[in-house]
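Contents: one structure, followed by commentary.
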Amino acid sequence: MPMINGRQTQLSQPVTVEEYLLEQGYRLDRIAVEFGGSILPKGSYGTTRLGDDDVLEIVSFVGGG
């Protein structure tokens with residue numbers, strides 16, 4: 001199971017990072033993704049598949065004033 005934001009996450013089927021993020025309701029223009037210790041370029045979300053040993057950290061940007 002991949003580790004996503006510090007939690008073991010069971011996936012029902014193999015998915016790309018982009019598919020996972022959209023299924024979870026993330027807005028791709030408001031997040032950054034660390035994949036295996038490095039920032040994953042947004043252009044790679046659709047081609048990077050999540051595997052059992054992967055570690056993913058998702059950081060959301062918050063605006064305010």
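By convention in this document, the chains of the structure tokens carry letters A, B, ... by their order, each chain's residues are numbered from 1, and ligands are numbered from 1 in the order they are shown.
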
Can you list, as a CSV table (one decimal) with all heavy atoms, in the first residue's frame, every protein, DNA or RNA residue that comes within 8 Å of Met3 of chain A when you count only C-alpha atoms, leaving out same-chain residues fewer than 6 positions away?
```csv
chain,number,residue,atom,x,y,z
A,9,THR,N,-2.5,3.7,2.5
A,9,THR,CA,-3.7,3.9,1.8
A,9,THR,C,-4.0,2.8,0.8
A,9,THR,O,-3.1,2.5,0.0
A,9,THR,CB,-3.6,5.3,1.0
A,9,THR,OG1,-3.3,6.3,1.9
A,9,THR,CG2,-4.9,5.5,0.3
A,53,ASP,N,4.9,0.7,-2.7
A,53,ASP,CA,6.0,1.2,-1.9
A,53,ASP,C,6.2,2.7,-2.0
A,53,ASP,O,7.1,3.3,-1.5
A,53,ASP,CB,7.3,0.5,-2.2
A,53,ASP,CG,7.3,-1.0,-1.8
A,53,ASP,OD1,6.6,-1.4,-0.9
A,53,ASP,OD2,7.9,-1.8,-2.5
A,54,ASP,N,5.3,3.4,-2.7
A,54,ASP,CA,5.5,4.8,-3.0
A,54,ASP,C,5.1,5.6,-1.8
A,54,ASP,O,4.2,5.2,-1.0
A,54,ASP,CB,4.6,5.2,-4.2
A,54,ASP,CG,5.2,4.7,-5.5
A,54,ASP,OD1,6.4,4.5,-5.6
A,54,ASP,OD2,4.4,4.5,-6.4
A,55,VAL,N,5.7,6.8,-1.6
A,55,VAL,CA,5.4,7.7,-0.6
A,55,VAL,C,5.0,9.0,-1.2
A,55,VAL,O,5.8,9.6,-2.0
A,55,VAL,CB,6.6,7.9,0.4
A,55,VAL,CG1,6.3,9.0,1.4
A,55,VAL,CG2,7.0,6.6,1.0
A,56,LEU,N,3.8,9.5,-0.9
A,56,LEU,CA,3.3,10.7,-1.5
A,56,LEU,C,2.9,11.7,-0.4
A,56,LEU,O,2.2,11.3,0.5
A,56,LEU,CB,2.0,10.3,-2.3
A,56,LEU,CG,1.5,11.3,-3.4
A,56,LEU,CD1,2.4,11.4,-4.6
A,56,LEU,CD2,0.1,10.8,-3.8
```

### Which residue of A:Val62, A:Leu40, A:Leu50, A:Val33 approaches Gln10 of chain A most closely, using only C-alpha atoms
A:Leu50

### Between atom CA of Pro2 of chain A and atom CA of Gln24 of chain A, distance in Å (one decimal)
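A separation of 14.9 Å between them.
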
### Task
Identify which of the residues A:Met1, A:Gly36, A:Pro41, A:Gly46 lies closest to Val17 of chain A, counting only C-alpha atoms when measuring atom-to-atom distances.
A:Gly46

### Message
One decimal, in Å: what's the spacing between atom CA of Val15 of chain A and atom CA of Asp52 of chain A?
### Response
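Calculated distance between atom CA of Val15 of chain A and atom CA of Asp52 of chain A is 11.2 Å.
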
### Query
Among chain A, which residues carry a DSSP assignment of alpha helix (DSSP H), reported as number ranges by chain?
A: 17-23

Only C-alpha atoms, please: the residues just picked out, written as an mmCIF file, in the first residue's frame.
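Once everything was written out, this is result_26.cif:
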```cif
data_model
loop_
_atom_site.group_PDB
_atom_site.id
_atom_site.type_symbol
_atom_site.label_atom_id
_atom_site.label_comp_id
_atom_site.auth_asym_id
_atom_site.auth_seq_id
_atom_site.Cartn_x
_atom_site.Cartn_y
_atom_site.Cartn_z
ATOM 1 C CA VAL A 17 -1.209 10.442 -9.222
ATOM 2 C CA GLU A 18 -3.613 12.650 -11.200
ATOM 3 C CA GLU A 19 -6.447 10.110 -11.012
ATOM 4 C CA TYR A 20 -5.965 9.727 -7.264
ATOM 5 C CA LEU A 21 -5.884 13.484 -6.667
ATOM 6 C CA LEU A 22 -9.029 14.121 -8.701
ATOM 7 C CA GLU A 23 -10.872 11.221 -7.013
#
```

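Minimum atom-to-atom distance to Asp29 of chain A, evaluated using only C-alpha atoms, belongs to A:Gly43 out of A:Pro14, A:Gly43, A:Ile4, A:Arg49.
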
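The residue that comes closest to Ser44 of chain A, out of A:Asn5, A:Arg27, A:Thr16, A:Gly63 and on the basis of only C-alpha atoms, is A:Thr16.
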
### Message
From a backbone DSSP assignment, name each residue in chain A labelled strand (DSSP E or B), as an MDAnalysis selection string.
### Response
chainID A and resid 3:4 7:8 16 31:35 38:39 49 55:60

Preceding selection exported with C-alpha atoms as a CSV table (one decimal), in the first residue's frame:
```
chain,number,residue,atom,x,y,z
A,3,MET,CA,1.9,5.9,2.1
A,4,ILE,CA,-0.1,9.1,1.3
A,7,ARG,CA,-1.1,7.1,6.1
A,8,GLN,CA,-1.1,3.7,4.5
A,16,THR,CA,-2.0,7.6,-11.6
A,31,ILE,CA,-1.5,21.8,-4.6
A,32,ALA,CA,2.1,20.6,-4.7
A,33,VAL,CA,3.0,16.9,-4.6
A,34,GLU,CA,6.1,15.3,-3.2
A,35,PHE,CA,6.7,11.9,-4.6
A,38,SER,CA,11.1,15.1,-4.6
A,39,ILE,CA,8.6,17.6,-6.0
A,49,ARG,CA,1.5,5.5,-11.3
A,55,VAL,CA,5.4,7.7,-0.6
A,56,LEU,CA,3.3,10.7,-1.5
A,57,GLU,CA,2.9,14.0,0.3
A,58,ILE,CA,0.2,16.5,-0.8
A,59,VAL,CA,0.5,20.1,0.2
A,60,SER,CA,-2.5,22.4,-0.4
```
